[in-house]
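This is entry_8.cif (mmCIF, C-alpha atoms and all ligand atoms).
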```cif
data_run
loop_
_atom_site.label_atom_id
_atom_site.label_comp_id
_atom_site.auth_asym_id
_atom_site.auth_seq_id
_atom_site.Cartn_x
_atom_site.Cartn_y
_atom_site.Cartn_z
CA MET A 1 80.84 38.72 -113.75
CA SER A 2 83.70 40.51 -112.02
CA ASP A 3 85.94 37.65 -110.90
CA PRO A 4 84.87 34.24 -112.20
CA ALA A 5 87.58 32.39 -110.26
CA ARG A 6 86.47 33.80 -106.94
CA GLU A 7 82.78 33.32 -107.74
CA LEU A 8 83.38 29.72 -108.81
CA SER A 9 85.27 29.02 -105.57
CA ARG A 10 82.39 30.49 -103.58
CA LEU A 11 79.78 28.42 -105.39
CA LEU A 12 81.72 25.16 -105.15
CA ALA A 13 82.27 25.75 -101.43
CA GLU A 14 78.50 26.03 -101.05
CA ARG A 15 78.01 22.78 -102.95
CA PHE A 16 80.85 20.62 -101.57
CA GLN A 17 82.26 20.56 -98.08
CA ASP A 18 85.68 19.56 -99.46
CA ALA A 19 85.99 22.05 -102.34
CA GLY A 20 88.72 24.06 -100.60
CA GLU A 21 91.67 22.81 -102.64
CA LEU A 22 90.06 23.11 -106.06
CA ASP A 23 91.89 25.17 -108.69
CA THR A 24 89.48 27.73 -110.11
CA THR A 25 92.03 29.97 -111.83
CA PHE A 26 90.81 28.90 -115.29
CA ALA A 27 87.19 29.79 -114.54
CA SER A 28 84.99 31.48 -117.13
CA ASP A 29 81.50 32.87 -116.77
CA ALA A 30 80.20 29.61 -118.31
CA HIS A 31 81.72 27.57 -115.46
CA VAL A 32 80.25 29.92 -112.89
CA ARG A 33 76.79 29.52 -114.42
CA MET A 34 77.09 25.73 -114.41
CA ALA A 35 78.25 25.63 -110.80
CA ALA A 36 75.35 27.90 -109.84
CA HIS A 37 72.79 25.36 -111.12
CA VAL A 38 69.58 25.04 -109.11
CA SER A 39 66.41 23.23 -110.11
CA ILE A 40 63.52 25.69 -110.39
CA ARG A 41 59.92 24.86 -109.54
CA ASP A 42 58.49 28.37 -109.26
CA TRP A 43 57.71 30.35 -112.40
CA ALA A 44 57.54 34.07 -113.17
CA ASP A 45 54.54 35.27 -115.15
CA ARG A 46 56.53 35.97 -118.31
CA PRO A 47 55.93 34.56 -121.77
CA LEU A 48 58.38 31.99 -123.01
CA PRO A 49 58.76 32.26 -126.80
CA ARG A 50 58.43 28.92 -128.56
CA GLY A 51 61.28 29.92 -130.89
CA MET A 52 63.60 30.14 -127.92
CA LEU A 53 62.77 26.59 -126.88
CA ASP A 54 63.39 25.32 -130.40
CA THR A 55 66.79 27.01 -130.50
CA LEU A 56 67.70 25.58 -127.09
CA ALA A 57 66.64 22.14 -128.36
CA ALA A 58 68.96 22.57 -131.34
CA ILE A 59 71.83 23.54 -129.03
CA ALA A 60 71.14 20.55 -126.77
CA LEU A 61 71.01 18.20 -129.76
CA SER A 62 74.49 19.42 -130.72
CA SER A 63 75.93 17.39 -127.83
CA PRO A 64 77.80 14.12 -128.45
CA THR A 65 75.78 11.07 -129.43
CA LYS A 66 76.77 7.40 -129.33
CA SER A 67 78.18 6.27 -132.72
CA ASP A 68 76.48 9.31 -134.27
CA MET A 69 73.27 7.30 -133.90
CA GLN A 70 71.24 10.32 -132.71
CA SER A 71 68.85 7.99 -130.96
CA ARG A 72 67.04 10.65 -128.91
CA ASP A 73 64.31 13.19 -129.50
CA ILE A 74 62.82 16.12 -127.62
CA LEU A 75 59.07 16.70 -127.46
CA VAL A 76 58.27 20.35 -126.70
CA VAL A 77 54.78 20.81 -125.28
CA THR A 78 53.58 24.42 -125.00
CA ASP A 79 49.99 24.28 -126.25
CA PRO A 80 48.02 25.05 -123.06
CA GLN A 81 45.53 22.21 -123.49
CA ARG A 82 48.14 19.63 -124.39
CA LYS A 83 50.37 20.82 -121.56
CA ALA A 84 47.53 20.59 -119.04
CA GLY A 85 46.68 17.08 -120.29
CA LEU A 86 50.28 15.94 -119.99
CA ALA A 87 50.75 17.54 -116.56
CA ALA A 88 47.61 15.80 -115.30
CA LEU A 89 49.12 12.46 -116.32
CA ILE A 90 52.53 13.11 -114.79
CA ALA A 91 51.81 14.14 -111.19
CA PRO A 92 49.53 16.40 -109.17
CA ASP A 93 52.44 18.76 -108.33
CA PRO A 94 51.19 22.30 -109.14
CA TRP A 95 54.62 23.46 -110.35
CA ILE A 96 54.44 20.95 -113.20
CA ALA A 97 51.04 22.17 -114.42
CA ALA A 98 52.12 25.79 -113.98
CA ALA A 99 55.33 25.47 -116.01
CA PRO A 100 55.20 27.49 -119.24
CA ALA A 101 56.65 24.53 -121.15
CA LEU A 102 56.91 20.80 -120.57
CA LEU A 103 59.55 18.93 -122.52
CA VAL A 104 59.91 15.19 -122.81
CA PHE A 105 63.33 13.72 -123.57
CA CYS A 106 62.93 10.37 -125.29
CA GLY A 107 65.20 7.55 -126.31
CA ASN A 108 64.43 6.64 -129.93
CA HIS A 109 65.51 3.44 -131.66
CA ARG A 110 62.61 3.48 -134.07
CA ARG A 111 64.70 5.26 -136.69
CA GLN A 112 67.53 2.72 -136.50
CA HIS A 113 65.06 -0.09 -137.20
CA GLN A 114 63.57 1.88 -140.07
CA VAL A 115 67.03 2.52 -141.53
CA ALA A 116 67.93 -1.18 -141.26
CA ASP A 117 64.66 -2.12 -143.01
CA TRP A 118 65.10 0.45 -145.75
CA ARG A 119 68.67 -0.70 -146.39
CA GLY A 120 67.65 -4.37 -146.32
CA VAL A 121 70.16 -5.15 -143.58
CA ALA A 122 69.34 -7.36 -140.60
CA PHE A 123 69.38 -5.62 -137.23
CA ALA A 124 71.49 -7.70 -134.83
CA ASN A 125 71.44 -5.69 -131.62
CA GLU A 126 68.29 -6.53 -129.71
CA HIS A 127 69.76 -6.45 -126.21
CA LEU A 128 70.13 -4.31 -123.11
CA ASP A 129 73.08 -2.29 -124.40
CA TRP A 130 70.93 -1.05 -127.27
CA PHE A 131 68.27 0.29 -124.94
CA PHE A 132 70.96 1.75 -122.70
CA ASN A 133 72.54 3.69 -125.59
CA ALA A 134 69.29 5.51 -126.28
CA ALA A 135 68.73 6.25 -122.59
CA VAL A 136 72.25 7.67 -122.27
CA ASP A 137 71.87 9.74 -125.46
CA ALA A 138 68.60 11.21 -124.17
CA SER A 139 70.14 11.94 -120.76
CA ILE A 140 73.07 13.80 -122.31
CA VAL A 141 70.66 15.97 -124.30
CA LEU A 142 68.62 16.60 -121.16
CA GLY A 143 71.73 17.83 -119.33
CA SER A 144 72.82 19.99 -122.26
CA PHE A 145 69.37 21.51 -122.57
CA ILE A 146 69.45 22.50 -118.90
CA VAL A 147 72.87 24.13 -119.25
CA ALA A 148 71.75 26.00 -122.39
CA ALA A 149 68.46 27.10 -120.82
CA GLU A 150 70.14 28.32 -117.63
CA ALA A 151 72.67 30.27 -119.73
CA ALA A 152 69.67 32.08 -121.24
CA GLY A 153 68.31 32.91 -117.79
CA LEU A 154 65.61 30.22 -117.77
CA GLY A 155 64.94 27.79 -114.95
CA CYS A 156 64.27 24.07 -115.30
CA CYS A 157 63.40 21.01 -113.30
CA PRO A 158 63.72 17.47 -114.66
CA ILE A 159 60.75 15.19 -114.02
CA SER A 160 61.32 11.46 -113.61
CA GLN A 161 57.71 11.25 -112.44
CA ILE A 162 56.85 11.18 -116.15
CA ARG A 163 57.76 7.49 -116.01
CA ASN A 164 55.27 6.76 -113.23
CA ARG A 165 52.58 6.36 -115.85
CA ALA A 166 54.81 5.69 -118.82
CA GLU A 167 52.14 3.81 -120.74
CA ALA A 168 49.54 6.58 -120.40
CA VAL A 169 52.09 9.30 -121.19
CA SER A 170 53.22 7.37 -124.28
CA ALA A 171 49.63 7.02 -125.49
CA PHE A 172 48.97 10.72 -124.85
CA LEU A 173 52.09 11.76 -126.77
CA GLU A 174 51.49 9.09 -129.41
CA LEU A 175 54.97 7.67 -129.00
CA PRO A 176 55.55 4.93 -131.56
CA GLU A 177 57.22 1.60 -130.85
CA ARG A 178 60.85 1.80 -129.65
CA VAL A 179 60.43 5.42 -128.49
CA PHE A 180 60.31 5.85 -124.71
CA PRO A 181 60.40 8.75 -122.24
CA VAL A 182 63.59 9.12 -120.21
CA ALA A 183 62.64 12.30 -118.35
CA GLY A 184 60.39 15.30 -118.56
CA LEU A 185 61.59 18.85 -118.04
CA ALA A 186 59.61 21.81 -116.76
CA VAL A 187 60.94 25.06 -118.22
CA GLY A 188 60.14 28.71 -117.56
CA TRP A 189 61.46 32.01 -116.28
CA PRO A 190 62.34 31.56 -112.61
CA ALA A 191 60.26 33.44 -110.04
CA GLY A 192 63.11 33.33 -107.52
CA GLU A 193 66.74 32.33 -107.29
CA GLY A 194 66.35 28.90 -105.71
CA ARG A 195 68.97 27.42 -103.41
CA ILE A 196 72.11 25.54 -104.18
CA SER A 197 71.64 21.92 -103.23
CA PRO A 198 74.72 20.45 -101.47
CA ARG A 199 76.29 17.37 -103.04
CA LEU A 200 78.20 14.45 -101.54
CA PRO A 201 81.86 15.19 -100.81
CA LEU A 202 84.16 15.03 -103.82
CA SER A 203 86.32 12.56 -101.87
CA LEU A 204 83.49 10.05 -102.36
CA THR A 205 82.49 10.80 -105.92
CA VAL A 206 85.68 11.75 -107.77
CA HIS A 207 88.19 8.89 -107.99
CA ALA A 208 91.85 9.21 -108.96
CA ASP A 209 93.15 6.55 -111.37
CA GLY A 210 90.67 3.86 -110.36
CA TYR A 211 87.78 3.37 -107.93
CA GLN A 212 88.88 4.32 -104.42
CA ASP A 213 86.74 2.38 -101.98
CA ALA A 214 87.43 3.74 -98.51
CA GLY A 215 85.68 0.75 -96.94
CA ASP A 216 82.31 0.60 -95.33
CA GLY A 217 83.26 2.26 -92.04
CA ALA A 218 85.09 5.22 -93.57
CA THR A 219 82.42 5.71 -96.24
CA ARG A 220 79.73 5.70 -93.58
CA ALA A 221 81.67 8.26 -91.51
CA THR A 222 82.01 10.49 -94.59
CA ILE A 223 78.30 10.25 -95.33
CA ASP A 224 77.45 10.92 -91.67
CA GLY A 225 79.62 14.04 -91.91
CA TYR A 226 77.87 15.09 -95.10
CA ASP A 227 74.47 14.57 -93.43
CA GLN A 228 75.51 16.91 -90.60
CA TRP A 229 77.11 19.51 -92.88
CA ARG A 230 74.08 19.55 -95.13
CA HIS A 231 71.63 19.64 -92.24
CA ALA A 232 73.34 22.72 -90.80
CA ARG A 233 72.79 24.53 -94.12
CA GLN A 234 69.57 23.10 -95.46
CA PRO A 235 67.62 20.88 -93.10
CA TYR A 236 64.85 18.82 -94.67
CA ARG A 237 61.47 20.44 -94.16
CA ARG A 238 59.64 17.16 -93.73
CA GLN A 239 60.37 13.52 -93.08
CA ARG A 240 59.21 10.74 -95.37
CA ARG A 241 57.14 7.75 -94.28
CA VAL A 242 56.71 8.88 -90.69
CA ARG A 243 53.66 6.68 -90.24
CA ASP A 244 55.61 3.51 -91.07
CA LEU A 245 59.13 4.37 -89.97
CA GLY A 246 58.53 6.89 -87.18
CA THR A 247 60.07 10.33 -86.67
CA ALA A 248 63.84 10.29 -86.85
CA GLY A 249 65.72 12.21 -84.14
CA PHE A 250 68.17 13.35 -86.80
CA TYR A 251 66.98 13.44 -90.38
CA GLY A 252 69.74 13.89 -92.95
CA TRP A 253 70.30 13.03 -96.59
CA SER A 254 71.06 9.34 -95.97
CA GLU A 255 67.90 8.90 -93.86
CA ASP A 256 65.87 10.63 -96.56
CA LYS A 257 67.27 8.50 -99.40
CA ALA A 258 66.94 5.27 -97.39
CA ARG A 259 63.29 6.10 -96.68
CA GLN A 260 62.59 7.25 -100.24
CA TYR A 261 63.65 3.92 -101.67
CA SER A 262 62.04 1.79 -99.00
CA VAL A 263 58.98 1.93 -101.25
CA SER A 264 59.08 0.26 -104.66
CA GLU A 265 58.95 2.79 -107.49
CA ARG A 266 58.15 2.11 -111.15
CA ALA A 267 58.67 -1.64 -110.80
CA ASP A 268 56.64 -2.00 -114.00
CA PHE A 269 59.06 0.07 -116.08
CA GLY A 270 60.91 -2.99 -117.41
CA ALA A 271 57.63 -4.49 -118.61
CA TYR A 272 56.73 -1.16 -120.24
CA ILE A 273 60.09 -0.96 -122.04
CA ARG A 274 59.76 -4.56 -123.26
CA ALA A 275 56.29 -3.74 -124.54
CA ARG A 276 57.84 -0.82 -126.44
CA GLY A 277 59.80 -3.36 -128.48
CA PHE A 278 63.08 -3.63 -126.56
CA LYS A 279 64.78 -6.78 -125.32
CA LEU A 280 66.66 -6.16 -122.09
CA ASP A 281 68.81 -9.31 -121.87
C1 LIG B 1 66.69 12.54 -114.27
C2 LIG B 1 66.15 13.46 -113.18
C3 LIG B 1 64.84 13.32 -112.78
C4 LIG B 1 64.30 14.18 -111.81
N1 LIG B 1 62.99 14.06 -111.48
C5 LIG B 1 62.43 14.91 -110.60
C6 LIG B 1 61.05 14.82 -110.31
O1 LIG B 1 60.34 13.96 -110.81
N2 LIG B 1 60.53 15.71 -109.43
C7 LIG B 1 61.31 16.69 -108.85
O2 LIG B 1 60.78 17.49 -108.06
N3 LIG B 1 62.64 16.80 -109.12
C8 LIG B 1 63.21 15.93 -109.98
N4 LIG B 1 64.54 16.04 -110.29
C9 LIG B 1 65.34 17.13 -109.71
C10 LIG B 1 66.21 16.63 -108.57
O3 LIG B 1 65.38 16.40 -107.44
C11 LIG B 1 67.28 17.69 -108.27
O4 LIG B 1 68.14 17.77 -109.38
C12 LIG B 1 68.07 17.31 -107.02
O5 LIG B 1 67.26 17.38 -105.87
C13 LIG B 1 69.24 18.25 -106.82
O6 LIG B 1 68.79 19.59 -106.78
P1 LIG B 1 69.37 20.67 -107.79
O7 LIG B 1 69.06 20.23 -109.18
O8 LIG B 1 68.66 21.97 -107.44
O9 LIG B 1 70.84 20.78 -107.58
C14 LIG B 1 65.11 15.18 -111.21
C15 LIG B 1 66.45 15.29 -111.61
C16 LIG B 1 66.97 14.44 -112.59
C17 LIG B 1 68.41 14.61 -113.03
#
```
Produce structure tokens that represent the structure in this file.
Ligand SMILES: Cc1cc2nc3c(=O)[nH]c(=O)nc-3n(C[C@H](O)[C@H](O)[C@H](O)COP(=O)(O)O)c2cc1C
Amino acid sequence: MSDPARELSRLLAERFQDAGELDTTFASDAHVRMAAHVSIRDWADRPLPRGMLDTLAAIALSSPTKSDMQSRDILVVTDPQRKAGLAALIAPDPWIAAAPALLVFCGNHRRQHQVADWRGVAFANEHLDWFFNAAVDASIVLGSFIVAAEAAGLGCCPISQIRNRAEAVSAFLELPERVFPVAGLAVGWPAGEGRISPRLPLSLTVHADGYQDAGDGATRATIDGYDQWRHARQPYRRQRRVRDLGTAGFYGWSEDKARQYSVSERADFGAYIRARGFKLD
């Protein structure tokens, strides 16, 4: 990369409408790669060595972990039959079935219970925070895996849809009690470059020295501005829930997210997690 600082500025200006003042003088190639992140759902016909995935998993598992608990695991599914079976359970999306590898990032508190039993010590943490720790640990590893994979030239797309049928996926993967899927990840060599997806303005999402609430009116104006800025670059190709909610004259990010979550999603996930052996109080 010829000039990482300039490239980083260019990428951040594509991502954020208010990136103009950011200092990029310290930029390295690693920062440029991270800022260039795009989710990939289109795969090149190129073999993906299993050994590479295992090494990337090891790199990802080198990330920080709450209290050194290491309460997260990665399932790497590359066997064509197993992969097809898993993809069929997740969603009908062809890019999932076509991915050379499907990974499942799981929270795992099974080991902690085993350790407590083996040491003859009572386990006194059956509550929501305990579940949350494993979910956070798994999410950190997911993010690290994506960064590591992209640094190797691979493309990825996380898959929360894996939780749509969490029970069936767990049975298929033979997940034991207290092990639960946080997200899937499709991995392969990208067929194209993908497009940078614009994010909310930094003025809304980065807070100096405490939460800065601009108030409802100002926040709405900022989000309206983001909707317009984003629409000018990357208009949505289709509107959600047209039959129920009609066709919007202007369809931006906030309309899309409002419509997306006007339908209940995975309302049974709490019951599934409780059935896995967690208490969420
Ligand atoms: C935890 C998580 C779950 C996701 N689940 C899905 C999914 O089920 N299907 C999908 O197409 N994209 C999924 N994504 C990808 C997001 O849609 C994507 O990150 C977002 O649109 C921003 O695009 P970008 O990653 O290219 O910047 C997921 C992302 C995350 C972090």
Option closest in space to ligand LIG 1 (chain B), from A:Val147, A:Leu245, A:Ala218, A:Leu173 [counting all atoms listed in the file]
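Looking only at the distances to ligand LIG 1 (chain B), the closest residue turns out to be A:Val147.
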Could you give me, as a PDB file with C-alpha atoms, in the frame of the given file, the residues within 6 Å of segment 197-208 of chain A, counting only C-alpha atoms and dropping anything in the same chain fewer than 6 positions from it?
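Final file, selection.pdb:
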```
ATOM      1  CA  ARG A  15      78.010  22.780-102.950  1.00  0.00           C
ATOM      2  CA  PHE A  16      80.850  20.620-101.570  1.00  0.00           C
ATOM      3  CA  ASP A  18      85.680  19.560 -99.460  1.00  0.00           C
TER       4      ASP A  18
END
```
Give me, please, the distance in Å between atom CA of Val263 of chain A and atom CA of Ala248 of chain A, quoted to one decimal.
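If I compute the distance from atom CA of Val263 of chain A to atom CA of Ala248 of chain A, I get 17.3 Å.
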Given the choices A:Ala101, A:Ala84, A:Met52, A:Val38, which gets closest to ligand LIG 1 (chain B) if the distance is worked out from all atoms listed in the file?
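Residue with the minimum atom-to-atom distance to ligand LIG 1 (chain B): A:Val38.
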Give me, as a PyMOL selection string, the set of residues whose atoms come within 6 Å of any atom of ligand LIG 1 (chain B), counting all atoms listed in the file.
chain A and resi 38-39+157-161+183+196-197
Selection above as a file: C-alpha atoms, as a PDB file, in the coordinates of the input:
```pdb
ATOM      1  CA  VAL A  38      69.580  25.040-109.110  1.00  0.00           C
ATOM      2  CA  SER A  39      66.410  23.230-110.110  1.00  0.00           C
ATOM      3  CA  CYS A 157      63.400  21.010-113.300  1.00  0.00           C
ATOM      4  CA  PRO A 158      63.720  17.470-114.660  1.00  0.00           C
ATOM      5  CA  ILE A 159      60.750  15.190-114.020  1.00  0.00           C
ATOM      6  CA  SER A 160      61.320  11.460-113.610  1.00  0.00           C
ATOM      7  CA  GLN A 161      57.710  11.250-112.440  1.00  0.00           C
ATOM      8  CA  ALA A 183      62.640  12.300-118.350  1.00  0.00           C
ATOM      9  CA  ILE A 196      72.110  25.540-104.180  1.00  0.00           C
ATOM     10  CA  SER A 197      71.640  21.920-103.230  1.00  0.00           C
TER      11      SER A 197
END
```
